[in-house]
Amino acid sequence: MSIMVVGGAGYIGAHVVRLLQQAGEDVVVVDDLSTSSAERVGESPLVVMDVAADGAVGRLEDVMREHAVDAVIHFAARKQVGESVARPLWYYRQNVGGMVNVLEAMQEAGVRKMIFSSSAAVYGMPPVEVVEEDTVKNPINPYGRTKLIGEWILEDCERAWGLNWVALRYFNVAGAGWPDLGDGAVMNLIPMVLDRLSRGEAPRVFGEDYPTPDGTCIRDYVHVKDLAEAHIAAMRALDGQLAHHVFNVGTGTGASVTEVVRAIGEVSGLDTTPVVEPRRPGDPPQLIASAARIEDELGFRSATGLGEIVASAWEAWQAGPRRIERP
Ligand SMILES: NC(=O)c1ccc[n+]([C@@H]2O[C@H](COP(=O)([O-])OP(=O)(O)OC[C@H]3O[C@@H](n4cnc5c(N)ncnc54)[C@H](O)[C@@H]3O)[C@@H](O)[C@H]2O)c1
């Protein structure tokens, strides 16, 4: 099988690329390297381009034909919530416009399979403790809206020209499957804590007065390598009949910010006593995935626990340029 991975040099994409390479699949990566670097894709051919730019459709179509692409995995997107609030039009152009370009090229080149990176952000502030795929979708920022719009576009393409697709709604992705593929961005909790520690500063906790057992927010942390495996399961499922196209990817259990910060202290041997700051706007107290649908229909289950996730993130951080020397 020949698979185009758009955004395949990024944090999650590079994990999927490596799994596909190990499985002996033909992979072509398309990435503008805006938040990543070329060495992450290894031996696979890499086409450096912005998929949201004018003229992208023709170039993508050429690459699809040249590599006889059968399926596309679409990771490329901007993902900073705050930035999306400040620059909504750019986010729509990048995330929605880029995806429309990729799909247009697929339609032209006769490629009928897509796996799309969606997000728990489509749920916004869900009114339930454990989120099922049919829970009301009410994204509260432009980033989350671009993901929900992406799912709608896929539905429409299915109806119009027979696209076969899966959207995976990732919960909190963390860890590293290989030490050289760590999360390079400082946007999620574990890298944010490690970033503070590497500067000799105490980790920050935003709000400890939430209605949760220890007062800090609870999230569902999924190991990035498990998440990468979910893409392989989805790819196989696209060969058959799907009862559903949208799947949560989480573990079905949550960990609080305090528990994560403590786990980092245990793994690193560093003092991670945090400073407590006010709540950030738009943070729901708890966000946990129901992981039942993906297990029932795709046979996928993420079982890696928090300790292992944190240990792998620590190992990757220590393999990188901002290694932390223990005092
Ligand atoms: N990391 C998470 O916790 C998380 C959670 C939910 C959803 N997601 C989604 O998963 C996907 C991958 O996220 P990630 O964490 O690997 O992010 P990332 O920034 O590491 O990866 C995105 C990749 O896409 C590339 N890219 C971005 N815009 C592009 C464009 N217009 N043209 C070509 N390449 C482009 C970047 O250079 C990068 O290599 C994104 O769609 C993101 O919204 C991530």
# chains A, B, ... in the order shown; residues from 1 in each chain; ligands from 1
$ residues_around --residues "A:Gly177" --least-positions-apart "5" --cutoff "9 Å" --atoms "only C-alpha atoms" --output "mmCIF file with N, CA and C atoms, in the first residue's frame"
data_model
loop_
_atom_site.group_PDB
_atom_site.id
_atom_site.type_symbol
_atom_site.label_atom_id
_atom_site.label_comp_id
_atom_site.auth_asym_id
_atom_site.auth_seq_id
_atom_site.Cartn_x
_atom_site.Cartn_y
_atom_site.Cartn_z
ATOM 1 N N HIS A 15 5.441 9.471 14.351
ATOM 2 C CA HIS A 15 5.244 8.147 14.956
ATOM 3 C C HIS A 15 4.519 7.212 13.993
ATOM 4 N N GLY A 182 10.181 12.909 20.423
ATOM 5 C CA GLY A 182 9.427 13.580 21.489
ATOM 6 C C GLY A 182 8.622 14.762 20.971
ATOM 7 N N HIS A 223 -0.902 7.504 25.197
ATOM 8 C CA HIS A 223 0.493 7.419 24.731
ATOM 9 C C HIS A 223 0.519 7.597 23.210
ATOM 10 N N VAL A 224 1.428 8.430 22.752
ATOM 11 C CA VAL A 224 1.471 8.747 21.313
ATOM 12 C C VAL A 224 1.717 7.494 20.457
ATOM 13 N N LYS A 225 2.410 6.514 21.019
ATOM 14 C CA LYS A 225 2.644 5.310 20.196
ATOM 15 C C LYS A 225 1.356 4.486 20.081
ATOM 16 N N ASP A 226 0.568 4.451 21.170
ATOM 17 C CA ASP A 226 -0.744 3.802 21.077
ATOM 18 C C ASP A 226 -1.600 4.534 20.045
ATOM 19 N N SER A 312 8.544 7.880 29.207
ATOM 20 C CA SER A 312 8.984 7.997 27.807
ATOM 21 C C SER A 312 9.167 9.464 27.410
ATOM 22 N N ALA A 313 8.311 10.338 27.945
ATOM 23 C CA ALA A 313 8.457 11.775 27.657
ATOM 24 C C ALA A 313 9.756 12.302 28.261
ATOM 25 N N ALA A 316 12.755 11.138 26.214
ATOM 26 C CA ALA A 316 12.881 11.914 24.968
ATOM 27 C C ALA A 316 13.401 13.323 25.260
#
$ residues_around --residues "A:Tyr91" --least-positions-apart "2" --cutoff "8 Å" --atoms "only C-alpha atoms" --output "list in words"
Arg78, Ser84, Arg87, Pro88, Leu89, Arg93, Gln94, Asn95, Val96, Pro142, Tyr143 and Thr146 of chain A
$ residues_around --residues "A:Gly42" --least-positions-apart "6" --cutoff "10 Å" --atoms "only C-alpha atoms" --output "list in words"
Ala9, Ala14, Val17, Arg18 and Gln21 of chain A
$ write_last_selection --atoms "N, CA, C and O atoms" --output "PDB file, in the first residue's frame"
ATOM      1  N   ALA A   9       5.988  14.903   9.446  1.00  0.00           N
ATOM      2  CA  ALA A   9       7.225  15.177  10.194  1.00  0.00           C
ATOM      3  C   ALA A   9       6.927  15.625  11.618  1.00  0.00           C
ATOM      4  O   ALA A   9       7.834  15.767  12.425  1.00  0.00           O
ATOM      5  N   ALA A  14       5.077  11.696  12.785  1.00  0.00           N
ATOM      6  CA  ALA A  14       6.352  10.965  12.659  1.00  0.00           C
ATOM      7  C   ALA A  14       6.267   9.590  13.320  1.00  0.00           C
ATOM      8  O   ALA A  14       6.941   8.650  12.878  1.00  0.00           O
ATOM      9  N   VAL A  17       4.441   7.510  10.719  1.00  0.00           N
ATOM     10  CA  VAL A  17       5.368   7.235   9.609  1.00  0.00           C
ATOM     11  C   VAL A  17       6.314   6.097  10.001  1.00  0.00           C
ATOM     12  O   VAL A  17       6.528   5.150   9.240  1.00  0.00           O
ATOM     13  N   ARG A  18       6.842   6.162  11.213  1.00  0.00           N
ATOM     14  CA  ARG A  18       7.797   5.112  11.614  1.00  0.00           C
ATOM     15  C   ARG A  18       7.106   3.742  11.702  1.00  0.00           C
ATOM     16  O   ARG A  18       7.677   2.731  11.265  1.00  0.00           O
ATOM     17  N   GLN A  21       6.638   2.526   8.172  1.00  0.00           N
ATOM     18  CA  GLN A  21       7.932   2.079   7.613  1.00  0.00           C
ATOM     19  C   GLN A  21       8.269   0.691   8.148  1.00  0.00           C
ATOM     20  O   GLN A  21       8.677  -0.199   7.400  1.00  0.00           O
TER      21      GLN A  21
END
$ residues_near_ligand --ligand "ligand 1" --cutoff "9 Å" --atoms "only C-alpha atoms and all ligand atoms" --output "PyMOL selection string"
chain A and resi 6-15+30-38+48-53+74-80+93-95+97-99+116-121+143-144+147+168-174+183-185+187-188+224
$ closest_residue --among "A:Val166, A:Val261, A:Ile288, A:Val186" --to "A:Thr135" --atoms "only C-alpha atoms"
A:Ile288
$ atom_distance --atom1 "atom CA of A:Ala160" --atom2 "atom CA of A:Ala109"
15.5 Å
$ select_by_dssp --residues "stretch 38-200 of chain A" --states "strand (DSSP E or B)" --output "PyMOL selection string"
chain A and resi 46-48+71-74+113-119+130-131+164-170+172-174
$ write_last_selection --atoms "C-alpha atoms" --output "compact mmCIF listing (two decimals), in the first residue's frame"
# COMPACT_ATOMS: atom_id res chain seq x y z
CA LEU A 46 9.58 14.14 1.79
CA VAL A 47 7.83 16.82 -0.24
CA VAL A 48 8.24 20.19 1.48
CA ALA A 71 -4.70 6.55 1.15
CA VAL A 72 -3.93 9.83 2.90
CA ILE A 73 -3.40 10.40 6.60
CA HIS A 74 -3.95 14.08 7.25
CA LYS A 113 -9.32 6.88 1.66
CA MET A 114 -8.53 9.44 4.34
CA ILE A 115 -7.73 9.33 8.03
CA PHE A 116 -8.12 12.72 9.68
CA SER A 117 -6.67 14.08 12.96
CA SER A 118 -9.64 15.42 14.83
CA SER A 119 -9.62 16.43 18.47
CA VAL A 130 -17.15 10.62 30.14
CA VAL A 131 -17.44 11.79 26.55
CA ASN A 164 -14.05 6.45 2.70
CA TRP A 165 -12.81 8.05 5.89
CA VAL A 166 -12.12 7.88 9.59
CA ALA A 167 -11.75 10.84 11.93
CA LEU A 168 -9.89 10.13 15.15
CA ARG A 169 -10.66 12.52 18.00
CA TYR A 170 -7.48 12.54 20.03
CA ASN A 172 -4.40 14.33 25.53
CA VAL A 173 -1.52 12.95 23.53
CA ALA A 174 1.72 12.51 25.44
$ closest_residue --among "A:Val28, A:Ala303, A:Ala86, A:Ala105" --to "A:Gly58" --atoms "only C-alpha atoms"
A:Ala105
$ closest_residue --among "A:Met64, A:Ala234, A:Val111, A:Leu194" --to "A:Glu315" --atoms "only C-alpha atoms"
A:Leu194
$ closest_residue --among "A:Leu181, A:Ile218, A:Met106, A:Ala202" --to "A:Cys157" --atoms "only C-alpha atoms"
A:Met106
$ select_by_dssp --residues "stretch 39-263 of chain A" --states "helix (DSSP H, G or I)" --output "VMD selection string"
chain A and resid 39 to 41 56 to 66 81 to 86 88 to 109 120 to 123 142 to 161 179 to 181 189 to 198 224 to 237 257 to 263
$ decode --residues "stretch 241-273 of chain A" --atoms "N, CA, C and O atoms" --output "CSV table (one decimal), in the first residue's frame"
chain,number,residue,atom,x,y,z
A,241,GLN,N,-16.4,-2.5,5.6
A,241,GLN,CA,-17.5,-1.6,5.9
A,241,GLN,C,-17.4,-1.1,7.3
A,241,GLN,O,-17.2,-1.8,8.2
A,242,LEU,N,-17.6,0.2,7.4
A,242,LEU,CA,-17.5,0.8,8.7
A,242,LEU,C,-18.9,1.2,9.2
A,242,LEU,O,-19.7,1.8,8.5
A,243,ALA,N,-19.2,0.8,10.5
A,243,ALA,CA,-20.5,1.3,11.1
A,243,ALA,C,-20.4,2.7,11.5
A,243,ALA,O,-21.4,3.4,11.4
A,244,HIS,N,-19.3,3.2,11.9
A,244,HIS,CA,-19.1,4.6,12.2
A,244,HIS,C,-17.8,5.1,11.6
A,244,HIS,O,-16.9,4.3,11.3
A,245,HIS,N,-17.7,6.4,11.5
A,245,HIS,CA,-16.5,7.0,10.9
A,245,HIS,C,-15.7,7.8,11.9
A,245,HIS,O,-14.6,8.2,11.6
A,246,VAL,N,-16.3,8.1,13.0
A,246,VAL,CA,-15.7,9.0,14.0
A,246,VAL,C,-15.4,8.2,15.3
A,246,VAL,O,-16.3,7.5,15.8
A,247,PHE,N,-14.2,8.3,15.8
A,247,PHE,CA,-13.8,7.5,17.0
A,247,PHE,C,-13.0,8.4,18.0
A,247,PHE,O,-12.0,9.1,17.5
A,248,ASN,N,-13.3,8.3,19.2
A,248,ASN,CA,-12.5,8.9,20.3
A,248,ASN,C,-11.2,8.0,20.4
A,248,ASN,O,-11.3,6.8,20.2
A,249,VAL,N,-10.1,8.7,20.6
A,249,VAL,CA,-8.9,7.9,21.0
A,249,VAL,C,-8.4,8.4,22.4
A,249,VAL,O,-7.9,9.5,22.5
A,250,GLY,N,-8.7,7.6,23.4
A,250,GLY,CA,-8.3,7.9,24.8
A,250,GLY,C,-8.2,6.5,25.5
A,250,GLY,O,-8.2,5.5,24.8
A,251,THR,N,-8.1,6.6,26.8
A,251,THR,CA,-7.9,5.4,27.6
A,251,THR,C,-9.2,5.0,28.3
A,251,THR,O,-9.3,3.9,28.8
A,252,GLY,N,-10.1,6.0,28.5
A,252,GLY,CA,-11.3,5.8,29.3
A,252,GLY,C,-11.0,6.1,30.8
A,252,GLY,O,-11.9,6.0,31.6
A,253,THR,N,-9.8,6.5,31.1
A,253,THR,CA,-9.5,6.9,32.5
A,253,THR,C,-8.8,8.2,32.5
A,253,THR,O,-8.1,8.6,31.5
A,254,GLY,N,-8.8,8.9,33.6
A,254,GLY,CA,-8.2,10.2,33.7
A,254,GLY,C,-7.1,10.4,34.7
A,254,GLY,O,-7.1,9.5,35.7
A,255,ALA,N,-6.3,11.4,34.6
A,255,ALA,CA,-5.3,11.7,35.6
A,255,ALA,C,-5.4,13.2,35.8
A,255,ALA,O,-5.6,14.0,34.9
A,256,SER,N,-5.2,13.6,37.1
A,256,SER,CA,-5.3,15.1,37.4
A,256,SER,C,-3.9,15.7,37.1
A,256,SER,O,-2.9,15.0,37.0
A,257,VAL,N,-4.0,17.0,37.0
A,257,VAL,CA,-2.7,17.8,36.8
A,257,VAL,C,-1.7,17.5,37.9
A,257,VAL,O,-0.5,17.2,37.7
A,258,THR,N,-2.2,17.4,39.1
A,258,THR,CA,-1.4,17.1,40.3
A,258,THR,C,-0.7,15.7,40.1
A,258,THR,O,0.5,15.6,40.4
A,259,GLU,N,-1.5,14.8,39.7
A,259,GLU,CA,-1.0,13.4,39.5
A,259,GLU,C,0.1,13.4,38.5
A,259,GLU,O,1.1,12.7,38.6
A,260,VAL,N,-0.1,14.1,37.4
A,260,VAL,CA,0.9,14.2,36.3
A,260,VAL,C,2.2,14.8,36.8
A,260,VAL,O,3.3,14.3,36.6
A,261,VAL,N,2.0,15.9,37.5
A,261,VAL,CA,3.2,16.7,38.0
A,261,VAL,C,4.0,15.8,39.0
A,261,VAL,O,5.2,15.7,38.9
A,262,ARG,N,3.2,15.1,39.8
A,262,ARG,CA,3.9,14.2,40.8
A,262,ARG,C,4.6,13.1,40.0
A,262,ARG,O,5.8,12.7,40.4
A,263,ALA,N,4.0,12.5,39.0
A,263,ALA,CA,4.6,11.4,38.2
A,263,ALA,C,5.9,11.9,37.6
A,263,ALA,O,6.9,11.2,37.5
A,264,ILE,N,6.0,13.1,37.2
A,264,ILE,CA,7.2,13.7,36.6
A,264,ILE,C,8.3,13.8,37.6
A,264,ILE,O,9.5,13.4,37.4
A,265,GLY,N,7.9,14.1,38.8
A,265,GLY,CA,8.9,14.2,39.9
A,265,GLY,C,9.4,12.8,40.2
A,265,GLY,O,10.6,12.7,40.5
A,266,GLU,N,8.5,11.8,40.2
A,266,GLU,CA,9.0,10.5,40.5
A,266,GLU,C,10.0,9.9,39.5
A,266,GLU,O,11.0,9.3,39.8
A,267,VAL,N,9.6,10.2,38.2
A,267,VAL,CA,10.5,9.6,37.1
A,267,VAL,C,11.8,10.4,37.1
A,267,VAL,O,12.9,9.8,36.8
A,268,SER,N,11.8,11.7,37.3
A,268,SER,CA,13.0,12.5,37.1
A,268,SER,C,13.8,12.6,38.3
A,268,SER,O,15.0,13.0,38.3
A,269,GLY,N,13.2,12.4,39.5
A,269,GLY,CA,14.0,12.6,40.7
A,269,GLY,C,14.1,14.1,41.1
A,269,GLY,O,14.8,14.4,42.0
A,270,LEU,N,13.4,14.9,40.4
A,270,LEU,CA,13.4,16.4,40.6
A,270,LEU,C,12.3,16.8,41.6
A,270,LEU,O,11.3,16.1,41.6
A,271,ASP,N,12.5,17.9,42.2
A,271,ASP,CA,11.4,18.5,43.0
A,271,ASP,C,10.4,19.2,42.0
A,271,ASP,O,10.8,20.1,41.4
A,272,THR,N,9.2,18.7,42.0
A,272,THR,CA,8.2,19.3,41.1
A,272,THR,C,7.1,20.0,41.9
A,272,THR,O,6.0,20.1,41.4
A,273,THR,N,7.4,20.4,43.1
A,273,THR,CA,6.4,21.2,43.8
A,273,THR,C,5.9,22.4,43.0
A,273,THR,O,6.8,23.2,42.6
